[in-house]
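Here is the file coords_28.cif (mmCIF, C-alpha atoms).
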data_structure
#
loop_
_atom_site.label_atom_id
_atom_site.label_comp_id
_atom_site.auth_asym_id
_atom_site.auth_seq_id
_atom_site.Cartn_x
_atom_site.Cartn_y
_atom_site.Cartn_z
CA MET S 1 -17.46 -13.70 -19.09
CA ASN S 2 -16.69 -10.14 -20.17
CA ASN S 3 -13.13 -9.15 -19.23
CA GLU S 4 -13.46 -5.74 -20.88
CA PHE S 5 -14.62 -3.18 -18.32
CA CYS S 6 -13.46 0.07 -16.77
CA ALA S 7 -10.98 -0.50 -13.94
CA TYR S 8 -12.50 2.38 -11.98
CA CYS S 9 -16.28 2.37 -12.48
CA TYR S 10 -16.71 -1.21 -13.85
CA LYS S 11 -18.67 0.05 -16.85
CA SER S 12 -18.61 -2.51 -19.66
CA ASP S 13 -19.52 -2.60 -23.36
CA VAL S 14 -17.96 0.83 -23.92
CA PRO S 15 -14.69 1.90 -25.60
CA LEU S 16 -11.81 1.81 -23.11
CA LEU S 17 -8.79 4.10 -22.84
CA LYS S 18 -5.44 2.54 -22.03
CA CYS S 19 -3.12 4.09 -19.46
CA GLY S 20 -0.11 5.74 -21.10
CA GLN S 21 2.30 3.91 -18.77
CA CYS S 22 0.72 0.50 -18.16
CA LYS S 23 -2.01 -1.81 -19.44
CA ILE S 24 -4.91 -0.72 -17.22
CA ARG S 25 -8.04 0.43 -19.07
CA ARG S 26 -10.74 2.92 -18.12
CA CYS S 27 -13.82 4.24 -19.89
CA SER S 28 -13.12 7.99 -19.75
CA LYS S 29 -10.63 10.72 -18.94
CA GLU S 30 -12.60 11.39 -15.76
CA CYS S 31 -12.22 7.77 -14.57
CA GLN S 32 -8.51 7.95 -15.42
CA ARG S 33 -8.18 11.09 -13.32
CA LEU S 34 -10.12 9.70 -10.36
CA ASP S 35 -8.36 6.34 -10.40
CA TRP S 36 -4.95 8.01 -10.58
CA LYS S 37 -5.83 10.16 -7.59
CA VAL S 38 -7.25 7.30 -5.51
CA SER S 39 -4.61 4.60 -5.98
CA HIS S 40 -3.22 4.12 -9.49
CA LYS S 41 -0.52 6.76 -9.05
CA LYS S 42 1.23 4.41 -6.62
CA TRP S 43 0.49 1.15 -8.42
CA CYS S 44 0.88 2.05 -12.10
CA GLY S 45 2.81 -0.77 -13.78
CA LYS S 46 3.27 -2.66 -10.49
CA SER S 47 0.40 -5.15 -10.66
CA GLY S 48 -1.38 -7.41 -13.10
CA GLU S 49 -4.31 -6.20 -15.18
CA ILE S 50 -7.44 -8.04 -16.26
CA GLY S 51 -7.44 -9.16 -19.89
CA CYS S 52 -3.66 -8.83 -20.09
CA ASP S 53 -2.19 -10.75 -17.14
CA TYR S 54 -5.24 -12.66 -15.89
CA GLU S 55 -8.81 -13.28 -16.96
CA ILE S 56 -12.13 -14.35 -15.51
CA ARG S 57 -13.54 -17.51 -17.07
CA GLU S 58 -15.43 -20.66 -16.16
CA SER S 59 -13.81 -22.93 -13.58
CA PRO S 60 -15.07 -26.54 -13.68
CA GLY S 61 -17.44 -27.18 -10.79
CA LYS S 62 -16.93 -23.71 -9.32
CA GLY S 63 -18.73 -21.30 -11.59
CA PHE S 64 -16.28 -18.59 -12.61
CA GLY S 65 -12.67 -18.19 -11.49
CA VAL S 66 -9.56 -16.11 -12.16
CA PHE S 67 -6.85 -17.61 -14.37
CA ALA S 68 -3.32 -16.46 -15.15
CA LEU S 69 -2.59 -15.44 -18.73
CA ARG S 70 1.15 -15.37 -18.07
CA LYS S 71 3.58 -16.59 -15.45
CA PHE S 72 3.53 -14.75 -12.12
CA GLU S 73 6.64 -14.87 -9.96
CA LYS S 74 6.40 -15.36 -6.19
CA ASN S 75 5.44 -12.10 -4.41
CA GLU S 76 4.26 -10.48 -7.65
CA LYS S 77 1.14 -8.36 -7.20
CA ILE S 78 -1.64 -9.99 -9.23
CA ILE S 79 -4.54 -7.67 -8.42
CA VAL S 80 -4.69 -4.28 -6.70
CA GLU S 81 -8.27 -3.19 -6.10
CA ARG S 82 -10.21 -0.64 -4.09
CA PRO S 83 -13.52 -1.58 -2.39
CA VAL S 84 -16.73 -0.48 -4.10
CA ILE S 85 -18.57 -0.58 -0.78
CA LYS S 86 -17.48 -0.81 2.88
CA PHE S 87 -19.52 -1.71 5.94
CA VAL S 88 -18.94 -2.87 9.50
CA ASP S 89 -20.07 -6.17 10.97
CA ASN S 90 -23.81 -6.34 11.72
CA GLU S 91 -24.44 -3.07 9.88
CA ALA S 92 -27.45 -2.73 7.57
CA VAL S 93 -25.75 -3.07 4.19
CA GLY S 94 -28.83 -1.76 2.42
CA ASP S 95 -28.06 1.75 3.71
CA HIS S 96 -25.00 1.84 1.43
CA LEU S 97 -26.68 0.72 -1.77
CA LYS S 98 -27.76 4.22 -2.78
CA HIS S 99 -24.10 5.11 -3.25
CA LEU S 100 -23.52 2.40 -5.88
CA THR S 101 -23.48 3.47 -9.51
CA ASN S 102 -25.46 1.46 -12.05
CA SER S 103 -22.27 0.00 -13.53
CA VAL S 104 -20.98 -1.15 -10.13
CA ALA S 105 -24.40 -2.57 -9.24
CA SER S 106 -24.42 -4.51 -12.52
CA ALA S 107 -20.98 -5.95 -11.74
CA VAL S 108 -22.09 -6.98 -8.25
CA GLU S 109 -25.23 -8.59 -9.67
CA LEU S 110 -23.05 -11.06 -11.60
CA LEU S 111 -21.40 -12.39 -8.43
CA ALA S 112 -22.41 -15.71 -6.92
CA SER S 113 -24.39 -15.83 -3.70
CA GLY S 114 -23.88 -18.73 -1.37
CA SER S 115 -23.08 -21.31 -4.03
CA VAL S 116 -21.41 -21.63 -7.41
CA LYS S 117 -24.80 -21.01 -9.00
CA MET S 118 -26.06 -17.52 -9.70
CA GLY S 119 -28.93 -16.23 -7.65
CA GLY S 120 -29.72 -14.89 -4.21
CA SER S 121 -30.48 -11.40 -3.04
CA PHE S 122 -28.34 -8.42 -3.99
CA ILE S 123 -27.39 -7.81 -0.35
CA LYS S 124 -26.46 -11.49 0.07
CA LYS S 125 -24.10 -11.15 -2.90
CA ILE S 126 -22.36 -8.25 -1.15
CA THR S 127 -22.05 -9.88 2.27
CA MET S 128 -21.08 -13.29 0.88
CA ASN S 129 -18.28 -11.88 -1.28
CA SER S 130 -16.93 -9.22 1.06
CA MET S 131 -13.49 -9.41 2.71
CA LYS S 132 -12.03 -7.94 5.87
CA CYS S 133 -10.48 -4.47 5.76
CA PRO S 134 -8.86 -4.15 9.20
CA ARG S 135 -7.85 -0.71 10.44
CA ASP S 136 -5.79 -0.06 13.58
CA GLY S 137 -6.37 -3.64 14.68
CA ASP S 138 -10.15 -3.36 14.29
CA GLU S 139 -11.41 -6.35 12.28
CA SER S 140 -15.03 -5.21 12.04
CA MET S 141 -14.74 -3.38 8.69
CA ASN S 142 -15.58 -5.27 5.49
CA GLY S 143 -15.18 -4.35 1.84
CA LEU S 144 -16.42 -5.71 -1.46
CA PHE S 145 -13.79 -6.06 -4.18
CA VAL S 146 -15.63 -6.96 -7.36
CA THR S 147 -12.76 -8.54 -9.34
CA MET S 148 -11.03 -10.19 -6.39
CA SER S 149 -14.37 -11.72 -5.39
CA ARG S 150 -14.07 -13.89 -8.49
CA VAL S 151 -11.05 -15.71 -7.03
CA ASN S 152 -11.95 -19.20 -5.81
CA HIS S 153 -10.92 -20.90 -2.58
CA ASP S 154 -8.16 -23.45 -2.07
CA CYS S 155 -6.78 -24.52 1.30
CA MET S 156 -3.33 -24.70 -0.34
CA ALA S 157 -3.82 -21.45 -2.22
CA ASN S 158 -1.26 -19.96 -4.58
CA SER S 159 -1.98 -16.37 -3.53
CA CYS S 160 -2.75 -14.32 -0.44
CA HIS S 161 -4.56 -11.00 -0.02
CA TRP S 162 -3.79 -8.08 2.27
CA TYR S 163 -5.54 -4.78 2.95
CA LEU S 164 -3.42 -1.62 2.82
CA GLU S 165 -5.32 0.75 5.07
CA ASN S 166 -3.33 3.87 4.19
CA THR S 167 -4.35 3.69 0.53
CA ASP S 168 -7.62 1.75 0.99
CA VAL S 169 -6.77 -0.99 -1.49
CA LYS S 170 -6.47 -4.75 -1.20
CA ILE S 171 -3.57 -6.49 -2.89
CA LEU S 172 -3.53 -10.08 -4.11
CA VAL S 173 0.03 -11.43 -3.99
CA ALA S 174 1.41 -14.62 -5.54
CA SER S 175 2.53 -17.02 -2.78
CA CYS S 176 4.53 -19.09 -5.24
CA GLU S 177 5.21 -19.23 -8.96
CA ILE S 178 1.94 -19.34 -10.89
CA GLU S 179 2.15 -20.62 -14.45
CA ALA S 180 0.11 -19.33 -17.37
CA ASP S 181 -3.36 -21.00 -17.45
CA ASP S 182 -3.20 -21.88 -13.71
CA GLU S 183 -6.24 -20.92 -11.69
CA ILE S 184 -5.44 -18.26 -9.09
CA THR S 185 -6.80 -19.07 -5.63
CA PHE S 186 -6.66 -17.86 -2.06
CA SER S 187 -7.95 -19.31 1.21
CA TYR S 188 -11.35 -17.99 2.27
CA ILE S 189 -10.58 -18.81 5.90
CA GLY S 190 -6.95 -17.69 6.13
CA THR S 191 -5.28 -18.87 9.32
CA SER S 192 -8.52 -19.37 11.24
CA ALA S 193 -8.44 -23.16 10.89
CA TYR S 194 -5.81 -25.78 10.14
CA LYS S 195 -7.67 -28.99 10.99
CA LYS S 196 -9.61 -30.44 8.07
CA ALA S 197 -12.88 -30.90 9.97
CA LYS S 198 -12.89 -27.29 11.12
CA ARG S 199 -11.98 -25.98 7.67
CA GLN S 200 -14.77 -27.96 6.06
CA SER S 201 -17.27 -26.83 8.69
CA ILE S 202 -16.46 -23.13 8.20
CA LEU S 203 -16.58 -23.39 4.41
CA GLN S 204 -19.88 -25.27 4.43
CA THR S 205 -21.51 -22.94 6.96
CA SER S 206 -20.21 -19.64 5.58
CA PHE S 207 -19.88 -20.36 1.86
CA ASN S 208 -22.10 -23.39 1.24
CA PHE S 209 -19.56 -25.67 -0.44
CA THR S 210 -17.35 -28.64 0.39
CA CYS S 211 -13.67 -28.22 -0.44
CA ASN S 212 -12.01 -31.02 -2.42
CA CYS S 213 -8.61 -29.38 -2.88
CA SER S 214 -5.37 -31.36 -2.81
CA LEU S 215 -4.94 -30.68 0.92
CA CYS S 216 -8.46 -31.81 1.86
CA SER S 217 -7.98 -34.93 -0.28
CA SER S 218 -4.75 -36.07 1.41
CA GLU S 219 -4.56 -37.30 5.00
CA VAL S 220 -0.76 -37.20 4.83
CA LEU S 221 -0.73 -33.53 3.85
CA ASN S 222 -3.43 -32.75 6.42
CA ARG S 223 -1.37 -34.18 9.27
CA LYS S 224 1.58 -32.03 8.26
CA PHE S 225 -0.62 -28.96 7.80
CA GLU S 226 -2.21 -29.40 11.23
CA ARG S 227 1.24 -29.15 12.79
CA ILE S 228 1.24 -25.45 11.90
CA GLU S 229 -1.45 -24.73 14.48
CA ILE S 230 0.30 -26.91 17.07
CA LEU S 231 3.59 -25.10 16.54
CA GLU S 232 1.98 -21.65 16.54
CA ASN S 233 0.38 -22.46 19.89
CA LYS S 234 3.69 -23.77 21.18
CA ILE S 235 5.43 -20.50 20.29
CA PHE S 236 2.71 -18.48 22.03
CA ASN S 237 2.75 -20.63 25.17
CA SER S 238 6.55 -20.80 25.28
CA VAL S 239 6.86 -17.02 25.05
CA SER S 240 4.26 -16.63 27.82
CA LEU S 241 6.30 -18.99 30.02
CA LYS S 242 9.61 -17.39 28.93
CA ARG S 243 10.79 -20.69 27.46
CA ILE S 244 12.76 -18.87 24.83
CA ASN S 245 14.65 -21.73 23.19
CA GLU S 246 11.46 -23.79 22.85
CA ALA S 247 9.76 -20.89 21.07
CA ILE S 248 12.70 -20.39 18.72
CA ASP S 249 12.94 -24.12 17.92
CA ALA S 250 9.21 -24.24 17.16
CA GLY S 251 9.65 -21.23 14.89
CA HIS S 252 12.40 -22.91 12.88
CA THR S 253 10.23 -26.01 12.48
CA LEU S 254 7.38 -23.81 11.23
CA ILE S 255 9.65 -22.19 8.66
CA SER S 256 10.57 -25.62 7.28
CA ILE S 257 6.87 -26.47 6.93
CA TYR S 258 6.28 -23.19 5.09
CA ASP S 259 9.06 -24.19 2.68
CA GLU S 260 7.36 -27.52 2.03
CA PHE S 261 3.91 -25.98 1.46
CA LYS S 262 5.27 -23.00 -0.51
CA MET S 263 3.41 -20.62 1.75
CA THR S 264 3.08 -16.87 1.46
CA SER S 265 5.92 -14.56 2.53
CA LEU S 266 3.45 -13.12 5.02
CA ALA S 267 3.58 -16.36 7.01
CA TYR S 268 7.38 -16.21 7.15
CA SER S 269 7.23 -12.60 8.30
CA ARG S 270 4.78 -13.33 11.12
CA THR S 271 6.78 -16.29 12.40
CA TYR S 272 10.12 -14.49 12.30
CA TYR S 273 8.45 -11.65 14.20
CA ASP S 274 7.24 -14.14 16.84
CA MET S 275 10.77 -15.55 17.07
CA PHE S 276 12.08 -12.01 17.56
CA GLN S 277 9.61 -11.48 20.40
CA ALA S 278 11.00 -14.59 22.08
CA ALA S 279 14.71 -13.99 21.46
CA VAL S 280 14.60 -10.35 22.57
CA MET S 281 13.69 -11.49 26.08
CA GLN S 282 17.25 -12.33 27.13
CA ARG S 283 20.67 -10.90 26.49
CA LYS S 284 22.30 -14.10 25.22
CA THR S 285 19.82 -14.35 22.33
CA LEU S 286 19.75 -10.64 21.43
CA ASN S 287 21.84 -11.17 18.30
CA GLN S 288 19.37 -13.80 17.16
CA ALA S 289 16.52 -11.39 17.90
CA LYS S 290 18.13 -8.76 15.67
CA LYS S 291 18.46 -11.31 12.88
CA TYR S 292 14.82 -12.42 13.22
CA ILE S 293 13.38 -8.90 13.14
CA LYS S 294 15.41 -8.13 10.01
CA LEU S 295 14.02 -11.25 8.35
CA ALA S 296 10.48 -10.40 9.48
CA LEU S 297 10.84 -6.92 7.98
CA GLU S 298 12.41 -8.25 4.79
CA TYR S 299 9.58 -10.72 4.15
CA ALA S 300 6.93 -8.11 5.01
CA MET S 301 8.40 -5.57 2.59
CA ILE S 302 8.72 -8.18 -0.16
CA PHE S 303 5.07 -9.08 0.31
CA VAL S 304 3.64 -5.56 0.56
CA GLY S 305 5.97 -3.86 -1.92
CA ASP S 306 7.51 -0.42 -1.81
CA THR S 307 4.41 1.66 -2.53
CA ASP S 308 3.46 2.19 1.13
CA PRO S 309 6.45 2.51 3.48
CA ASP S 310 4.10 3.53 6.31
CA GLU S 311 1.99 0.37 6.11
CA PRO S 312 1.40 -0.42 9.84
CA MET S 313 2.88 -3.95 9.81
CA VAL S 314 6.02 -2.79 8.01
CA LYS S 315 6.27 0.35 10.14
CA THR S 316 6.13 -1.67 13.38
CA MET S 317 8.83 -4.07 12.24
CA ARG S 318 11.04 -1.27 10.96
CA HIS S 319 10.73 0.43 14.36
CA TYR S 320 11.88 -2.66 16.28
CA ASP S 321 14.60 -3.34 13.72
CA GLY S 322 16.07 0.04 14.63
CA PHE S 323 15.17 -0.02 18.31
CA PRO S 324 14.76 -3.58 19.64
CA GLU S 325 15.05 -2.23 23.17
CA LYS S 326 11.68 -0.50 22.71
CA HIS S 327 9.84 -3.84 22.55
CA ARG S 328 7.87 -4.72 25.67
CA ASN S 329 9.67 -8.09 25.91
CA TYR S 330 13.17 -6.58 25.91
CA LEU S 331 15.31 -8.43 28.47
CA ILE S 332 12.35 -9.38 30.67
CA ALA S 333 13.91 -12.82 31.20
CA LYS S 334 17.40 -11.71 32.20
#
Encoded form (structure tokens):
Amino acid sequence: MNNEFCAYCYKSDVPLLKCGQCKIRRCSKECQRLDWKVSHKKWCGKSGEIGCDYEIRESPGKGFGVFALRKFEKNEKIIVERPVIKFVDNEAVGDHLKHLTNSVASAVELLASGSVKMGGSFIKKITMNSMKCPRDGDESMNGLFVTMSRVNHDCMANSCHWYLENTDVKILVASCEIEADDEITFSYIGTSAYKKAKRQSILQTSFNFTCNCSLCSSEVLNRKFERIEILENKIFNSVSLKRINEAIDAGHTLISIYDEFKMTSLAYSRTYYDMFQAAVMQRKTLNQAKKYIKLALEYAMIFVGDTDPDEPMVKTMRHYDGFPEKHRNYLIAK
């Protein structure tokens, strides 16, 4: 697999120019200028680069995958990538193809389509490998990220991706320490399913493979993992019923499970935010609420990084950190 291509236009088999400040490579001064303007100005030297920090190579039984060439620390940004095409759910993807350059189209053509084997229509390659790009809470937008599409699935993944809508890039963040030569993975189904049967059904239906990761192969781990969904539902129901202490206790139990599974900082941030929404309901737990929103903000900022202080998730948490009384749940259970 060729790991030598332009980071902006994906052109390969041409001489590449190295950025003067980091290791990213592009094929021309024009691509350097455009990439700097679009996103690289904010991310220069703050993420991994293909051929230097990670590479694409064969992954046994999976086709190709992405592998670390050095150690990545937890919360390090592995890949930062802009979408080469964006489309909304149920939209005719073919209408966008005329905007693809030959080099991008060639890169897309190399992606798998519905299985680890090559093949399938060009449009199927785009839809199969696309990822959500939510904006203002709208989950209907999708984007294709050519390099990130090479990352394989694992239910106990060692990385997590997030779309930064202000800069129109997706970041892939290490959820734990990743050693050199480790395969980099993320979950294709995110938090949409915790039970093994449901995970396997989604993966088989949507991606045409059966997962045999360490989680799917262990009933003991599966039982522990399934508790996440139970506890998340308990927090939601307890907050709805204003059972504040029950929600907080469930949150603390969730945090301990995250520790055991070495989960992404994003999971910690979401749960601490849920605990804040419970604790802010009554005066006697207000101090706890202030602690939880600070932790939620801290984990969110660690995950996202400092390149986009107006990222909506971070902005919301920063707002309630400064003004907890502005939250709709403030002292509603006096």
Exercise for review: Find the spatial neighbours of S:Gly143, counting all atoms listed in the file, within a cut-off of 8 Å - ignore same-chain residues fewer than 6 positions away - and output them as a list in words.
Suggested key: Pro83, Val84, Ile85, Lys86, Phe87, Ser130, Met131, Lys132 and Cys133 of chain S
Each stretch 250-299 of chain S residue no farther than 12 Å from stretch 177-201 of chain S, nearest pair in Å, all atoms listed in the file, as JSON lines:
{"residue": "S:Lys262", "atom": "CA", "partner": "S:Glu177", "partner_atom": "CA", "distance": 9.3}
{"residue": "S:Met263", "atom": "CA", "partner": "S:Glu177", "partner_atom": "CA", "distance": 10.9}
{"residue": "S:Thr264", "atom": "CA", "partner": "S:Phe186", "partner_atom": "CA", "distance": 10.4}
{"residue": "S:Leu266", "atom": "CA", "partner": "S:Thr191", "partner_atom": "CA", "distance": 11.3}
{"residue": "S:Ala267", "atom": "CA", "partner": "S:Thr191", "partner_atom": "CA", "distance": 9.5}
{"residue": "S:Arg270", "atom": "CA", "partner": "S:Thr191", "partner_atom": "CA", "distance": 11.6}
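For the set S:Asp308, S:Asp259, S:Ser106, S:Asp274, the residue with the smallest atom-to-atom gap to S:Lys41 is S:Asp308, counting all atoms listed in the file.
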Practice item. Evaluate the PyMOL selection byres ((chain S and resi 150) around 8) here and jot the selected residues down as a list in words. Key: Ile56, Phe64, Gly65, Val66, Leu111, Val146, Thr147, Met148, Ser149, Val151 and Asn152 of chain S
For the residues in the current selection, export C-alpha atoms as a JSON list (two decimals), in the coordinates of the input.
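Ended up saving to again30.json:
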[["chain", "number", "residue", "atom", "x", "y", "z"],
["S", 56, "ILE", "CA", -12.13, -14.35, -15.51],
["S", 64, "PHE", "CA", -16.28, -18.59, -12.61],
["S", 65, "GLY", "CA", -12.67, -18.19, -11.49],
["S", 66, "VAL", "CA", -9.56, -16.11, -12.16],
["S", 111, "LEU", "CA", -21.40, -12.39, -8.43],
["S", 146, "VAL", "CA", -15.63, -6.96, -7.36],
["S", 147, "THR", "CA", -12.76, -8.54, -9.34],
["S", 148, "MET", "CA", -11.03, -10.19, -6.39],
["S", 149, "SER", "CA", -14.37, -11.72, -5.39],
["S", 151, "VAL", "CA", -11.05, -15.71, -7.03],
["S", 152, "ASN", "CA", -11.95, -19.20, -5.81]]
Which residues match the PyMOL selection byres ((chain S and resi 273) around 8) in the file above, as a CSV table (one decimal) with C-alpha atoms, in the coordinates of the input?
chain,number,residue,atom,x,y,z
S,269,SER,CA,7.2,-12.6,8.3
S,270,ARG,CA,4.8,-13.3,11.1
S,271,THR,CA,6.8,-16.3,12.4
S,272,TYR,CA,10.1,-14.5,12.3
S,274,ASP,CA,7.2,-14.1,16.8
S,275,MET,CA,10.8,-15.6,17.1
S,276,PHE,CA,12.1,-12.0,17.6
S,277,GLN,CA,9.6,-11.5,20.4
S,292,TYR,CA,14.8,-12.4,13.2
S,293,ILE,CA,13.4,-8.9,13.1
S,296,ALA,CA,10.5,-10.4,9.5
S,317,MET,CA,8.8,-4.1,12.2
Exercise for review: For each of S:Ile255, S:Ile24, S:Leu297, S:Leu286, take the minimum atom-to-atom distance to S:Pro324, counting only C-alpha atoms, then give the residue where this is smallest.
Suggested key: S:Leu286
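Residue neighbourhood of S:Cys176, excluding near-sequence residues (fewer than 5 positions): Glu73, Lys74, Asn158 and Lys262 of chain S, at 7 Å, using all atoms listed in the file.
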Might you spell out which residues the PyMOL selection byres ((chain S and resi 283) around 9) would select in the displayed file, as a JSON list (two decimals) with C-alpha atoms, in the coordinates of the input?
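Dumped to result-v8.json:
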[["chain", "number", "residue", "atom", "x", "y", "z"],
["S", 279, "ALA", "CA", 14.71, -13.99, 21.46],
["S", 280, "VAL", "CA", 14.60, -10.35, 22.57],
["S", 281, "MET", "CA", 13.69, -11.49, 26.08],
["S", 282, "GLN", "CA", 17.25, -12.33, 27.13],
["S", 284, "LYS", "CA", 22.30, -14.10, 25.22],
["S", 285, "THR", "CA", 19.82, -14.35, 22.33],
["S", 286, "LEU", "CA", 19.75, -10.64, 21.43],
["S", 287, "ASN", "CA", 21.84, -11.17, 18.30],
["S", 330, "TYR", "CA", 13.17, -6.58, 25.91],
["S", 331, "LEU", "CA", 15.31, -8.43, 28.47],
["S", 333, "ALA", "CA", 13.91, -12.82, 31.20],
["S", 334, "LYS", "CA", 17.40, -11.71, 32.20]]
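Distance check against S:Ser12 using all atoms listed in the file: of S:Ala107, S:Glu30, S:Lys98, S:Lys37, the minimum falls on S:Ala107.
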Taking (-14.1, -3.0, 9.9) as a centre in this file's frame and 8 Å as the limit, can you find every polymer residue with an atom that close, using all atoms listed in the file, and give them as an mmCIF file with C-alpha atoms, in the frame of the given file?
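Final output, saved to result01.cif:
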data_model
loop_
_atom_site.group_PDB
_atom_site.id
_atom_site.type_symbol
_atom_site.label_atom_id
_atom_site.label_comp_id
_atom_site.auth_asym_id
_atom_site.auth_seq_id
_atom_site.Cartn_x
_atom_site.Cartn_y
_atom_site.Cartn_z
ATOM 1 C CA PHE S 87 -19.520 -1.710 5.940
ATOM 2 C CA VAL S 88 -18.940 -2.870 9.500
ATOM 3 C CA ASP S 89 -20.070 -6.170 10.970
ATOM 4 C CA LYS S 132 -12.030 -7.940 5.870
ATOM 5 C CA CYS S 133 -10.480 -4.470 5.760
ATOM 6 C CA PRO S 134 -8.860 -4.150 9.200
ATOM 7 C CA ARG S 135 -7.850 -0.710 10.440
ATOM 8 C CA ASP S 138 -10.150 -3.360 14.290
ATOM 9 C CA GLU S 139 -11.410 -6.350 12.280
ATOM 10 C CA SER S 140 -15.030 -5.210 12.040
ATOM 11 C CA MET S 141 -14.740 -3.380 8.690
ATOM 12 C CA ASN S 142 -15.580 -5.270 5.490
#
Review point. Using all atoms listed in the file, which residues sit within 7 Å of stretch 203-217 of chain S once same-chain residues fewer than 3 positions away are excluded, as JSON, numbers by chain?
Key: {"S": [114, 115, 154, 155, 156, 196, 199, 200, 221, 222]}
Check your understanding: Pick from S:Thr101, S:Asn129, S:Asn75, S:Ser121: nearest to S:Ser159, with all atoms listed in the file counted?
Key ->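 Closest residue, counting all atoms listed in the file: S:Asn75.
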Point to revise | Residue among S:Leu17, S:Thr127, S:Thr253, S:Gln288 lying closest to S:Ile230, counting only C-alpha atoms | key: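 Of S:Leu17, S:Thr127, S:Thr253, S:Gln288, the one nearest S:Ile230, counting only C-alpha atoms, is S:Thr253.
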Check your understanding: Which is closest to S:Cys27 among S:Arg70, S:Thr307, S:His40, S:Ser103, if we use all atoms listed in the file?
Key -> S:Ser103
Exercise for review: Could you check how far atom CA of S:Lys77 sits from atom CA of S:Leu34, in Å to one decimal?
Suggested key: 21.5 Å
Practice item. May I have the protein, DNA and RNA residues with any atom at most 12 Å from the point (-0.6, -5.4, 2.4), counting all atoms listed in the file, written as a PyMOL selection string? Key: chain S and resi 75+77+79-81+133-135+160-173+265-266+299-315
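Coordinates place atom CA of S:Glu246 at a distance of 28.0 Å from atom CA of S:Ser175.
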Review point. Between atom CA of S:Tyr10 and atom CA of S:Asp95, what is the distance, to one decimal in Å?
Key: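 Calculated distance between atom CA of S:Tyr10 and atom CA of S:Asp95 is 21.1 Å.
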